[in-house]
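Novice: Sharing a structure here in structure tokens format.
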Amino acid sequence: MSVSARDTFALTTPLYYVNDLPHIGSAYTTMAADVIARFQRLRGKRVLLVTGLDEHGQKIQRAAAAHQQSPQEHCDRIASGFRLLWDRLNIQYDRFIRTTDPRHTAIVYDVFQRVWDQGDIYSSQQQGWYCVACEEFKEERELLDDRRCPIHTNQVVEWRDEQNYFFRLSRYQAILEDLYEKRPDFIQPESRRNEVLSFVSQGLKDFSISRVNVQWGIPVPTDATQTLYVWFDALLGYITALLDPEDDPKLDNAVKTWYPFNLHLIGKDILRFHAVYFPAMLISAGLPLPHAVFGHGFLTKDGQKMGKSLGNTIDPIQLVDRYGADAVRFYFMKEIEFGRDGDFNEQRFVNTVNADLANDLGNLLNRTLQMTHKYCGGVVPVIDDNDTTLMNPLKNLACNLGKEVSESYEHLALHNACESALAVARYGNKFIDEQAPWKRYKQGEQAAVRQILYAVLESVRLIAYLLSPVIPGVSTRVYHQLGYEVDFNRSELLPEFAVHANWGALQPMQPLAQPSPVFQRLELST
């Protein structure tokens, strides 16, 4: 049964290409998508997070041959690697679509027929330079020296001259320009939008949607000698993923509940496909457009582009097995401004996570719990809200945190959400040092002691709640120590947003657990 759009939130990662096992860039996008999905669930929305794999094309055909496997065997092996990594990273996806799913072919054929009926598909000769790694024709002006691809700089493009089917992208030039003007938030962030506007302003050309001599793909329904271009096929995988298990694989069934998507998260290298080609295809097929496409930046390691030839790639499974999912999720969400390029340095990673999670947050809770057990009998202190003997700057700061962090999540400023919360933790440590409740207790200022300890405990609770989309394990342990039976990895056990995202949820006299570290300090691997 469908629910109103305001009660749902549907988003996607890219459908990752299965030429090789997942890398840290794939993990980065998926972590971000999971954080956004968790925040929307925290708000009480029904959420559908779609991820999955793009499994067709010549590149897959060649990768399988290089491993002496059939294309399907190759895809199955790589798919297992993606599922393993998502499990290690604590990704709560709802749908995992593989474009080799037979139901996907039915959806692709439905859309193809609609576009065909619009007169937007025709046969013509295709000539040009083709990058197999991108699965894309390149214009001469885009190529580097020696006709190398500008993205896969170690790949020389290949000349193609073949009869293909084309999509009339040029017909949608004015329609797309009107879309970008009327919906400026359709492409995010602003820098990505400007890239698309610049590309489209140069004039859109029709693009081929079929290939000859590529067996590993979906046959063109009107010509079995060709297969559909991998991008025409793959982009429709998002829609196939919306089918419920019991549904017949028909387009109307796929779009009945969750469509259109609220958000497509992608890397900036595939922006053109999602912000130009895909919208035109959807319009041609008579389908609504997604609300937003967000293209994030690239990752480097120690200031250098990552690559096997340089020997500086990051194995995301090794990273998470060594340091834990929460640490990895936290670093990439806090230290990299979402939408811009970012860098990974292992020493900085260890230092940052230790400073923020072990010291500022974990140590603040630990020391405050110890004092609460010592001075208040191990229960949340009873405070008098009318007592003005202690002006509470920590409370004043934390009272705005829920609104501030929520707005950051909503605007996909994930680094700001993390930084705002940790700024309160840092101030909490300063506050407790300045107020010195141990001295006030000796001086008989019990009311002030209770006010101080409550303010710190409630601040830590609020921080943990608002960071739970990023560090669900740490947040769950914080809540357990504060006497709650919750699990931020189980949507049915999430504390109510209207109460817990604001100051004052911690109830006086609630029993507290014995303090123990909520985050173990990391040691740099050698």
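Letters A, B, ... mark the chains of the structure tokens in the order given; residue numbers begin at 1 per chain; ligand numbers begin at 1, in order shown.
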Which residues, written as a list in words, have at least one atom at most 8 Å from Arg461 in chain A, with only C-alpha atoms counted and residues fewer than 2 positions away on the same chain left out?
Specialist: Leu457, Glu458, Ser459, Ile463, Ala464, Tyr465, Val478, Tyr479, Leu482 and Leu506 of chain A
Novice: Output as a list in words all residues of range 227-450 of chain A that backbone DSSP marks as strand (DSSP E).
Specialist: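 Filtering range 227-450 of chain A down to strand (DSSP E) leaves Thr227, Leu228, Leu263, His264, Leu265, Ile266, Gly267, Val293, Phe294, Gly295, His296, Leu299, Thr300, Lys301, Gln304, Lys305, Gly342, Asp343 and Phe344 of chain A.
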Novice: Any chance you can output those residues with N, CA and C atoms as a PDB file, in the first residue's frame?
Specialist:
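Output below, filename result23.pdb:
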```pdb
ATOM      1  N   THR A 227      23.181  -5.552 -28.646  1.00  0.00           N
ATOM      2  CA  THR A 227      22.789  -5.478 -27.236  1.00  0.00           C
ATOM      3  C   THR A 227      22.662  -4.014 -26.837  1.00  0.00           C
ATOM      4  N   LEU A 228      21.846  -3.782 -25.836  1.00  0.00           N
ATOM      5  CA  LEU A 228      21.627  -2.414 -25.379  1.00  0.00           C
ATOM      6  C   LEU A 228      22.879  -1.874 -24.708  1.00  0.00           C
ATOM      7  N   LEU A 263      16.563  11.090  -3.928  1.00  0.00           N
ATOM      8  CA  LEU A 263      17.980  11.422  -4.058  1.00  0.00           C
ATOM      9  C   LEU A 263      18.735  10.300  -4.762  1.00  0.00           C
ATOM     10  N   HIS A 264      19.529  10.680  -5.761  1.00  0.00           N
ATOM     11  CA  HIS A 264      20.537   9.795  -6.351  1.00  0.00           C
ATOM     12  C   HIS A 264      21.900  10.303  -5.899  1.00  0.00           C
ATOM     13  N   LEU A 265      22.668   9.466  -5.223  1.00  0.00           N
ATOM     14  CA  LEU A 265      24.040   9.807  -4.845  1.00  0.00           C
ATOM     15  C   LEU A 265      24.991   9.143  -5.826  1.00  0.00           C
ATOM     16  N   ILE A 266      25.893   9.916  -6.407  1.00  0.00           N
ATOM     17  CA  ILE A 266      26.810   9.386  -7.409  1.00  0.00           C
ATOM     18  C   ILE A 266      28.167  10.051  -7.277  1.00  0.00           C
ATOM     19  N   GLY A 267      29.188   9.445  -7.882  1.00  0.00           N
ATOM     20  CA  GLY A 267      30.468  10.108  -8.030  1.00  0.00           C
ATOM     21  C   GLY A 267      30.410  11.081  -9.196  1.00  0.00           C
ATOM     22  N   VAL A 293      19.924  14.970  -7.799  1.00  0.00           N
ATOM     23  CA  VAL A 293      21.109  14.167  -8.104  1.00  0.00           C
ATOM     24  C   VAL A 293      22.292  14.876  -7.464  1.00  0.00           C
ATOM     25  N   PHE A 294      23.023  14.160  -6.608  1.00  0.00           N
ATOM     26  CA  PHE A 294      24.151  14.774  -5.893  1.00  0.00           C
ATOM     27  C   PHE A 294      25.434  14.067  -6.313  1.00  0.00           C
ATOM     28  N   GLY A 295      26.365  14.838  -6.892  1.00  0.00           N
ATOM     29  CA  GLY A 295      27.645  14.277  -7.311  1.00  0.00           C
ATOM     30  C   GLY A 295      28.754  14.647  -6.347  1.00  0.00           C
ATOM     31  N   HIS A 296      29.290  13.644  -5.661  1.00  0.00           N
ATOM     32  CA  HIS A 296      30.358  13.932  -4.689  1.00  0.00           C
ATOM     33  C   HIS A 296      31.727  13.866  -5.361  1.00  0.00           C
ATOM     34  N   LEU A 299      38.373  10.640  -3.999  1.00  0.00           N
ATOM     35  CA  LEU A 299      39.255  10.439  -2.857  1.00  0.00           C
ATOM     36  C   LEU A 299      40.690  10.254  -3.335  1.00  0.00           C
ATOM     37  N   THR A 300      41.603  10.801  -2.569  1.00  0.00           N
ATOM     38  CA  THR A 300      43.025  10.551  -2.787  1.00  0.00           C
ATOM     39  C   THR A 300      43.605   9.932  -1.514  1.00  0.00           C
ATOM     40  N   LYS A 301      44.815   9.421  -1.617  1.00  0.00           N
ATOM     41  CA  LYS A 301      45.508   8.854  -0.453  1.00  0.00           C
ATOM     42  C   LYS A 301      46.849   9.550  -0.309  1.00  0.00           C
ATOM     43  N   GLN A 304      47.798  11.825  -3.080  1.00  0.00           N
ATOM     44  CA  GLN A 304      48.005  11.304  -4.422  1.00  0.00           C
ATOM     45  C   GLN A 304      46.774  10.555  -4.909  1.00  0.00           C
ATOM     46  N   LYS A 305      46.544  10.609  -6.214  1.00  0.00           N
ATOM     47  CA  LYS A 305      45.490   9.800  -6.810  1.00  0.00           C
ATOM     48  C   LYS A 305      45.801   8.331  -6.558  1.00  0.00           C
ATOM     49  N   GLY A 342      38.449  14.654  -1.381  1.00  0.00           N
ATOM     50  CA  GLY A 342      38.971  14.478  -0.032  1.00  0.00           C
ATOM     51  C   GLY A 342      40.135  13.510  -0.014  1.00  0.00           C
ATOM     52  N   ASP A 343      40.893  13.550   1.063  1.00  0.00           N
ATOM     53  CA  ASP A 343      42.111  12.756   1.164  1.00  0.00           C
ATOM     54  C   ASP A 343      42.060  11.837   2.383  1.00  0.00           C
ATOM     55  N   PHE A 344      42.666  10.655   2.236  1.00  0.00           N
ATOM     56  CA  PHE A 344      42.810   9.732   3.365  1.00  0.00           C
ATOM     57  C   PHE A 344      44.281   9.599   3.702  1.00  0.00           C
TER      58      PHE A 344
END
```
Novice: Which is closest to Lys205 in chain A among A:Phe112, A:Tyr172, A:Phe261, A:Trp438, if we use only C-alpha atoms?
Specialist: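 So, comparing all the options, the nearest one is A:Tyr172.
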Novice: Identify, on the basis of only C-alpha atoms, every residue whose closest approach to Thr100 in chain A does not exceed 8 Å; exclude the query and any residue fewer than 4 positions from it along the same chain; express the result as number ranges by chain.
Specialist: A: 55-56, 104-105
Novice: With N, CA and C atoms kept, could you save the residues just selected as a short mmCIF file (atom, residue, chain, number, x, y, z; two decimals), in the first residue's frame?
Specialist:
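Wrote it out as result-v2.cif, contents follow:
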```cif
data_model
loop_
_atom_site.label_atom_id
_atom_site.label_comp_id
_atom_site.auth_asym_id
_atom_site.auth_seq_id
_atom_site.Cartn_x
_atom_site.Cartn_y
_atom_site.Cartn_z
N GLU A 55 26.05 -4.90 -14.31
CA GLU A 55 26.81 -6.12 -14.59
C GLU A 55 26.97 -6.44 -16.08
N HIS A 56 26.57 -5.54 -16.96
CA HIS A 56 26.67 -5.82 -18.39
C HIS A 56 27.77 -4.97 -19.03
N HIS A 104 14.85 -7.40 -14.47
CA HIS A 104 15.36 -6.13 -14.97
C HIS A 104 15.16 -6.02 -16.48
N THR A 105 15.39 -7.11 -17.18
CA THR A 105 15.21 -7.10 -18.64
C THR A 105 13.78 -6.68 -19.00
#
```
Novice: Just the number, please: distance in Å from CA of Arg329 in chain A to CA of Arg521 in chain A, one decimal.
Specialist: 15.5 Å
Novice: Excluding range 491-505 of chain A and any residue of its chain fewer than 5 positions from it, enumerate the residues within 9 Å of it, using only C-alpha atoms, and give them as an MDAnalysis selection string.
Specialist: chainID A and resid 38 41:44 395 398:403 406 458:459 461:463 465:466 485:486
Novice: Fewer than 6 positions away in the same chain doesn't count, so skip those; otherwise give me all residues within 9 Å of Asn489 in chain A, counting only C-alpha atoms, as a ChimeraX atom specification.
Specialist: /A:38,90,92,468,472-473,476
Novice: Enter the distance from CA of Leu361 in chain A to CA of Asp384 in chain A, in Å, rounded to one decimal.
Specialist: 25.9 Å
Novice: Just checking: using only C-alpha atoms, which residue out of A:Asp76, A:Asp120, A:Asp247, A:Asp54 ends up closest to Trp231 in chain A?
Specialist: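 Nearest to Trp231 in chain A: A:Asp54.
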